[in-house]
>>> print(open('upload_17.tsv').read())   # TSV, C-alpha atoms
chain	number	residue	atom	x	y	z
A	1	MET	CA	20.87	-0.82	49.02
A	2	HIS	CA	20.15	2.21	46.87
A	3	LEU	CA	17.78	2.07	43.94
A	4	ARG	CA	20.62	2.89	41.56
A	5	GLN	CA	22.63	-0.11	42.78
A	6	MET	CA	19.63	-2.39	42.40
A	7	TRP	CA	18.96	-1.06	38.88
A	8	GLY	CA	22.60	-1.65	37.97
A	9	ALA	CA	22.28	-5.27	39.05
A	10	TRP	CA	19.12	-5.74	37.01
A	11	GLY	CA	20.30	-3.69	34.05
A	12	GLY	CA	22.59	-6.52	32.91
A	13	ALA	CA	19.60	-8.83	32.61
A	14	TYR	CA	17.81	-6.59	30.11
A	15	LEU	CA	17.34	-8.36	26.81
A	16	ASP	CA	16.65	-6.83	23.43
A	17	THR	CA	13.51	-8.62	22.27
A	18	LYS	CA	13.33	-6.95	18.83
A	19	LYS	CA	15.94	-9.35	17.44
A	20	ASP	CA	14.05	-12.35	18.82
A	21	LEU	CA	10.73	-11.09	17.45
A	22	LYS	CA	12.27	-10.64	13.99
A	23	GLN	CA	13.59	-14.21	14.09
A	24	ILE	CA	10.20	-15.58	15.14
A	25	THR	CA	8.47	-13.51	12.45
A	26	SER	CA	10.96	-14.74	9.87
A	27	HIS	CA	10.33	-18.38	10.85
A	28	LEU	CA	6.56	-17.85	10.65
A	29	LEU	CA	6.94	-16.37	7.18
A	30	ASP	CA	9.10	-19.32	6.12
A	31	MET	CA	6.39	-21.68	7.38
A	32	LEU	CA	3.89	-20.14	4.97
A	33	VAL	CA	5.66	-21.45	1.86
A	34	SER	CA	7.02	-24.72	3.20
A	35	LYS	CA	5.59	-27.93	1.73
A	36	LYS	CA	6.35	-29.64	5.05
A	37	VAL	CA	3.81	-27.52	6.95
A	38	SER	CA	0.22	-28.78	7.18
A	39	GLY	CA	-2.74	-26.60	6.31
A	40	GLN	CA	-3.59	-26.22	10.01
A	41	GLY	CA	0.01	-25.23	10.80
A	42	ARG	CA	-0.05	-22.65	8.01
A	43	ASP	CA	-3.33	-21.26	9.39
A	44	GLN	CA	-1.82	-20.95	12.86
A	45	ALA	CA	1.24	-19.14	11.47
A	46	LEU	CA	-1.10	-16.73	9.66
A	47	ASN	CA	-3.15	-16.22	12.84
A	48	LEU	CA	0.00	-15.38	14.81
A	49	LEU	CA	1.12	-12.92	12.14
A	50	ASN	CA	-2.35	-11.34	12.00
A	51	LYS	CA	-2.41	-10.85	15.76
A	52	ASN	CA	1.16	-9.68	16.32
A	53	VAL	CA	2.44	-7.78	13.30
A	54	PRO	CA	0.06	-4.88	12.56
A	55	ARG	CA	-0.15	-2.17	15.20
A	56	LYS	CA	-3.09	-2.44	17.58
A	57	ASP	CA	-3.30	1.35	17.83
A	58	LEU	CA	-2.50	3.59	14.87
A	59	ALA	CA	-1.49	6.35	17.30
A	60	ILE	CA	1.70	4.35	17.89
A	61	HIS	CA	4.10	5.58	15.21
A	62	ASP	CA	6.36	2.52	15.13
A	63	ASN	CA	5.24	0.26	12.30
A	64	SER	CA	8.64	-1.42	11.90
A	65	ARG	CA	7.17	-4.93	12.24
A	66	THR	CA	4.85	-4.27	9.31
A	67	ILE	CA	7.69	-2.83	7.22
A	68	TYR	CA	9.79	-5.91	8.02
A	69	VAL	CA	6.99	-8.28	6.94
A	70	VAL	CA	6.31	-6.31	3.75
A	71	ASP	CA	10.00	-6.34	2.82
A	72	ASN	CA	10.70	-9.96	3.79
A	73	GLY	CA	7.42	-11.82	3.55
A	74	LEU	CA	4.85	-10.16	1.31
A	75	ARG	CA	5.82	-12.38	-1.64
A	76	LYS	CA	5.39	-15.45	0.58
A	77	ILE	CA	1.95	-14.30	1.69
A	78	LEU	CA	1.01	-13.61	-1.93
A	79	LYS	CA	2.13	-17.13	-2.83
A	80	VAL	CA	-0.30	-18.55	-0.27
A	81	VAL	CA	-3.16	-16.36	-1.55
A	82	GLY	CA	-2.47	-17.43	-5.13
A	83	GLN	CA	-2.58	-21.18	-4.49
A	84	VAL	CA	-4.96	-23.22	-6.63
A	85	PRO	CA	-6.09	-26.29	-4.64
A	86	ASP	CA	-6.70	-28.35	-7.80
A	87	LEU	CA	-3.06	-28.19	-8.90
A	88	PRO	CA	-0.66	-30.92	-7.77
A	89	SER	CA	1.99	-28.34	-6.80
A	90	CYS	CA	-0.40	-26.64	-4.36
A	91	LEU	CA	0.70	-26.17	-0.76
A	92	PRO	CA	-1.39	-27.96	1.89
A	93	LEU	CA	-4.33	-25.63	2.65
A	94	THR	CA	-7.49	-25.56	4.72
A	95	ASP	CA	-10.71	-23.87	3.68
A	96	ASN	CA	-9.60	-20.75	5.60
A	97	THR	CA	-5.94	-20.43	4.60
A	98	ARG	CA	-6.32	-18.09	1.65
A	99	MET	CA	-8.85	-15.96	3.54
A	100	LEU	CA	-6.45	-15.60	6.51
A	101	ALA	CA	-3.64	-14.61	4.14
A	102	SER	CA	-5.93	-12.04	2.48
A	103	ILE	CA	-6.81	-10.57	5.87
A	104	LEU	CA	-3.10	-10.30	6.70
A	105	ILE	CA	-2.41	-8.50	3.41
A	106	ASN	CA	-5.23	-6.07	4.15
A	107	LYS	CA	-4.00	-5.41	7.70
A	108	LEU	CA	-0.44	-4.87	6.49
A	109	TYR	CA	-1.58	-2.36	3.87
A	110	ASN	CA	-3.75	-0.50	6.38
A	111	ASP	CA	-0.82	-0.34	8.81
A	112	LEU	CA	1.39	1.55	6.36
A	113	ARG	CA	1.81	5.19	7.29
A	114	CYS	CA	2.66	7.08	4.12
A	115	ASP	CA	2.42	6.99	0.35
A	116	PRO	CA	6.03	5.82	-0.27
A	117	GLU	CA	5.38	2.80	1.97
A	118	ARG	CA	2.13	2.06	0.11
A	119	ASP	CA	3.87	2.49	-3.25
A	120	HIS	CA	6.56	-0.01	-2.19
A	121	PHE	CA	3.83	-2.46	-1.13
A	122	ARG	CA	2.01	-1.99	-4.45
A	123	LYS	CA	5.26	-2.43	-6.40
A	124	ILE	CA	6.00	-5.76	-4.69
A	125	CYS	CA	2.46	-6.96	-5.48
A	126	GLU	CA	2.68	-5.86	-9.11
A	127	GLU	CA	6.08	-7.54	-9.57
A	128	TYR	CA	4.75	-10.77	-8.07
A	129	ILE	CA	1.70	-10.78	-10.34
A	130	THR	CA	3.85	-10.00	-13.40
A	131	VAL	CA	6.16	-12.94	-12.62
A	132	CYS	CA	3.16	-15.23	-12.10
A	133	LYS	CA	1.73	-14.22	-15.50
A	134	LEU	CA	5.00	-15.20	-17.17
A	135	PHE	CA	4.60	-18.76	-15.92
A	136	LEU	CA	1.01	-19.14	-17.18
>>> encode(input="upload_17.tsv", output="structure tokens")
Amino acid sequence: MHLRQMWGAWGGAYLDTKKDLKQITSHLLDMLVSKKVSGQGRDQALNLLNKNVPRKDLAIHDNSRTIYVVDNGLRKILKVVGQVPDLPSCLPLTDNTRMLASILINKLYNDLRCDPERDHFRKICEEYITVCKLFL
């Protein structure tokens, strides 16, 4: 059997994992703001995001995972960082939850490649803070 014939047989089994990774990332982001998730579960979701979203090597130009998280989850991460444990409406937290969320925010910002991306990040943060001030 020729290599081309073998490749053709295997080629049908190739799966696009980007779609699956986006779904997993989306579910992890949803976990961050769910009241049903324990503090330890929230910490584990943050650990997975910290380890898998930002690029390991900045020489790799594809930062699409970071862009996806900024666009779809930065507000959720900011909500976790802004939790006040003394309030009754506070999400379940551990002593490390807000620190892990802060680390993720820092890694996301550092993974942005250009000023327009950083400006978009800053705009989302400013809008979130402005909305929070309205409720105080």
>>> closest_residue(input="upload_17.tsv", among="A:Lys36, A:His61, A:Arg55, A:Lys19", to="Cys114 of chain A", atoms="only C-alpha atoms")
A:His61
>>> atom_distance(input="upload_17.tsv", atom1="atom CA of Ile129 of chain A", atom2="atom CA of Asp111 of chain A")
22.0 Å
>>> closest_residue(input="upload_17.tsv", among="A:Leu108, A:Val33, A:Leu58, A:Val69", to="Val81 of chain A", atoms="all atoms listed in the file")
A:Val33
>>> atom_distance(input="upload_17.tsv", atom1="atom CA of Gly41 of chain A", atom2="atom CA of Gly82 of chain A")
17.9 Å
>>> residues_around(input="upload_17.tsv", residues="Ile67 of chain A", least_positions_apart="3", cutoff="10 Å", atoms="only C-alpha atoms", output="list in words")
Val53, Pro54, Asp62, Asn63, Ser64, Val70, Asp71, Asn72, Gly73, Leu74, Leu108, Tyr109, Asp111, Leu112, Arg113, Glu117, His120 and Phe121 of chain A
>>> closest_residue(input="upload_17.tsv", among="A:Leu32, A:Arg122, A:Gln23, A:Lys107", to="Lys56 of chain A", atoms="only C-alpha atoms")
A:Lys107
>>> closest_residue(input="upload_17.tsv", among="A:Lys76, A:Lys35, A:His27, A:Arg65", to="Tyr128 of chain A", atoms="all atoms listed in the file")
A:Lys76
>>> atom_distance(input="upload_17.tsv", atom1="atom CA of Tyr68 of chain A", atom2="atom CA of Asn110 of chain A")
14.7 Å
>>> decode(input="upload_17.tsv", residues="segment 83-107 of chain A", atoms="N, CA, C and O atoms", output="compact mmCIF listing (two decimals), in the first residue's frame")
# COMPACT_ATOMS: atom_id res chain seq x y z
N GLN A 83 -15.27 39.96 43.83
CA GLN A 83 -16.14 39.41 44.87
C GLN A 83 -15.69 39.87 46.25
O GLN A 83 -14.50 39.95 46.54
N VAL A 84 -16.67 40.18 47.08
CA VAL A 84 -16.41 40.57 48.47
C VAL A 84 -16.95 39.44 49.35
O VAL A 84 -18.17 39.24 49.43
N PRO A 85 -16.07 38.67 49.99
CA PRO A 85 -16.51 37.50 50.75
C PRO A 85 -17.53 37.78 51.85
O PRO A 85 -18.30 36.90 52.21
N ASP A 86 -17.58 38.99 52.37
CA ASP A 86 -18.50 39.31 53.46
C ASP A 86 -19.94 39.52 52.99
O ASP A 86 -20.86 39.52 53.81
N LEU A 87 -20.14 39.70 51.70
CA LEU A 87 -21.49 39.93 51.18
C LEU A 87 -22.22 38.62 50.98
O LEU A 87 -21.62 37.62 50.57
N PRO A 88 -23.52 38.60 51.24
CA PRO A 88 -24.29 37.36 51.07
C PRO A 88 -24.39 36.90 49.61
O PRO A 88 -24.57 35.72 49.35
N SER A 89 -24.26 37.82 48.67
CA SER A 89 -24.38 37.45 47.26
C SER A 89 -23.05 36.96 46.67
O SER A 89 -22.96 36.69 45.48
N CYS A 90 -22.04 36.82 47.50
CA CYS A 90 -20.71 36.42 47.04
C CYS A 90 -20.70 34.97 46.54
O CYS A 90 -21.35 34.09 47.11
N LEU A 91 -19.97 34.75 45.47
CA LEU A 91 -19.78 33.39 44.96
C LEU A 91 -18.94 32.60 45.96
O LEU A 91 -18.13 33.18 46.69
N PRO A 92 -19.07 31.27 45.98
CA PRO A 92 -18.19 30.47 46.83
C PRO A 92 -16.72 30.65 46.39
O PRO A 92 -16.41 30.50 45.22
N LEU A 93 -15.87 31.00 47.33
CA LEU A 93 -14.45 31.27 47.05
C LEU A 93 -13.56 30.52 48.02
O LEU A 93 -14.00 30.16 49.12
N THR A 94 -12.32 30.32 47.63
CA THR A 94 -11.29 29.88 48.56
C THR A 94 -10.38 31.08 48.82
O THR A 94 -10.58 32.15 48.24
N ASP A 95 -9.38 30.88 49.64
CA ASP A 95 -8.43 31.97 49.91
C ASP A 95 -7.65 32.36 48.66
O ASP A 95 -7.12 33.47 48.57
N ASN A 96 -7.54 31.43 47.68
CA ASN A 96 -6.72 31.67 46.49
C ASN A 96 -7.49 32.10 45.26
O ASN A 96 -6.89 32.46 44.26
N THR A 97 -8.81 32.06 45.29
CA THR A 97 -9.59 32.27 44.08
C THR A 97 -9.32 33.62 43.42
O THR A 97 -9.05 33.68 42.21
N ARG A 98 -9.39 34.68 44.18
CA ARG A 98 -9.20 36.00 43.59
C ARG A 98 -7.77 36.20 43.09
O ARG A 98 -7.55 36.86 42.08
N MET A 99 -6.80 35.59 43.78
CA MET A 99 -5.42 35.68 43.33
C MET A 99 -5.25 34.95 41.99
O MET A 99 -4.60 35.46 41.07
N LEU A 100 -5.84 33.74 41.87
CA LEU A 100 -5.75 32.99 40.62
C LEU A 100 -6.40 33.75 39.46
O LEU A 100 -5.90 33.76 38.34
N ALA A 101 -7.53 34.41 39.74
CA ALA A 101 -8.19 35.20 38.71
C ALA A 101 -7.33 36.41 38.32
O ALA A 101 -7.24 36.76 37.14
N SER A 102 -6.67 37.02 39.28
CA SER A 102 -5.78 38.15 38.99
C SER A 102 -4.60 37.71 38.14
O SER A 102 -4.19 38.43 37.22
N ILE A 103 -4.06 36.54 38.44
CA ILE A 103 -2.94 36.01 37.64
C ILE A 103 -3.40 35.77 36.21
O ILE A 103 -2.69 36.09 35.25
N LEU A 104 -4.61 35.24 36.05
CA LEU A 104 -5.14 34.99 34.71
C LEU A 104 -5.30 36.30 33.95
O LEU A 104 -4.93 36.40 32.78
N ILE A 105 -5.83 37.33 34.60
CA ILE A 105 -5.97 38.63 33.95
C ILE A 105 -4.61 39.15 33.50
O ILE A 105 -4.46 39.65 32.38
N ASN A 106 -3.61 39.04 34.36
CA ASN A 106 -2.27 39.49 34.02
C ASN A 106 -1.70 38.71 32.83
O ASN A 106 -1.13 39.30 31.90
N LYS A 107 -1.86 37.40 32.84
CA LYS A 107 -1.35 36.58 31.73
C LYS A 107 -2.07 36.90 30.42
O LYS A 107 -1.43 36.94 29.36
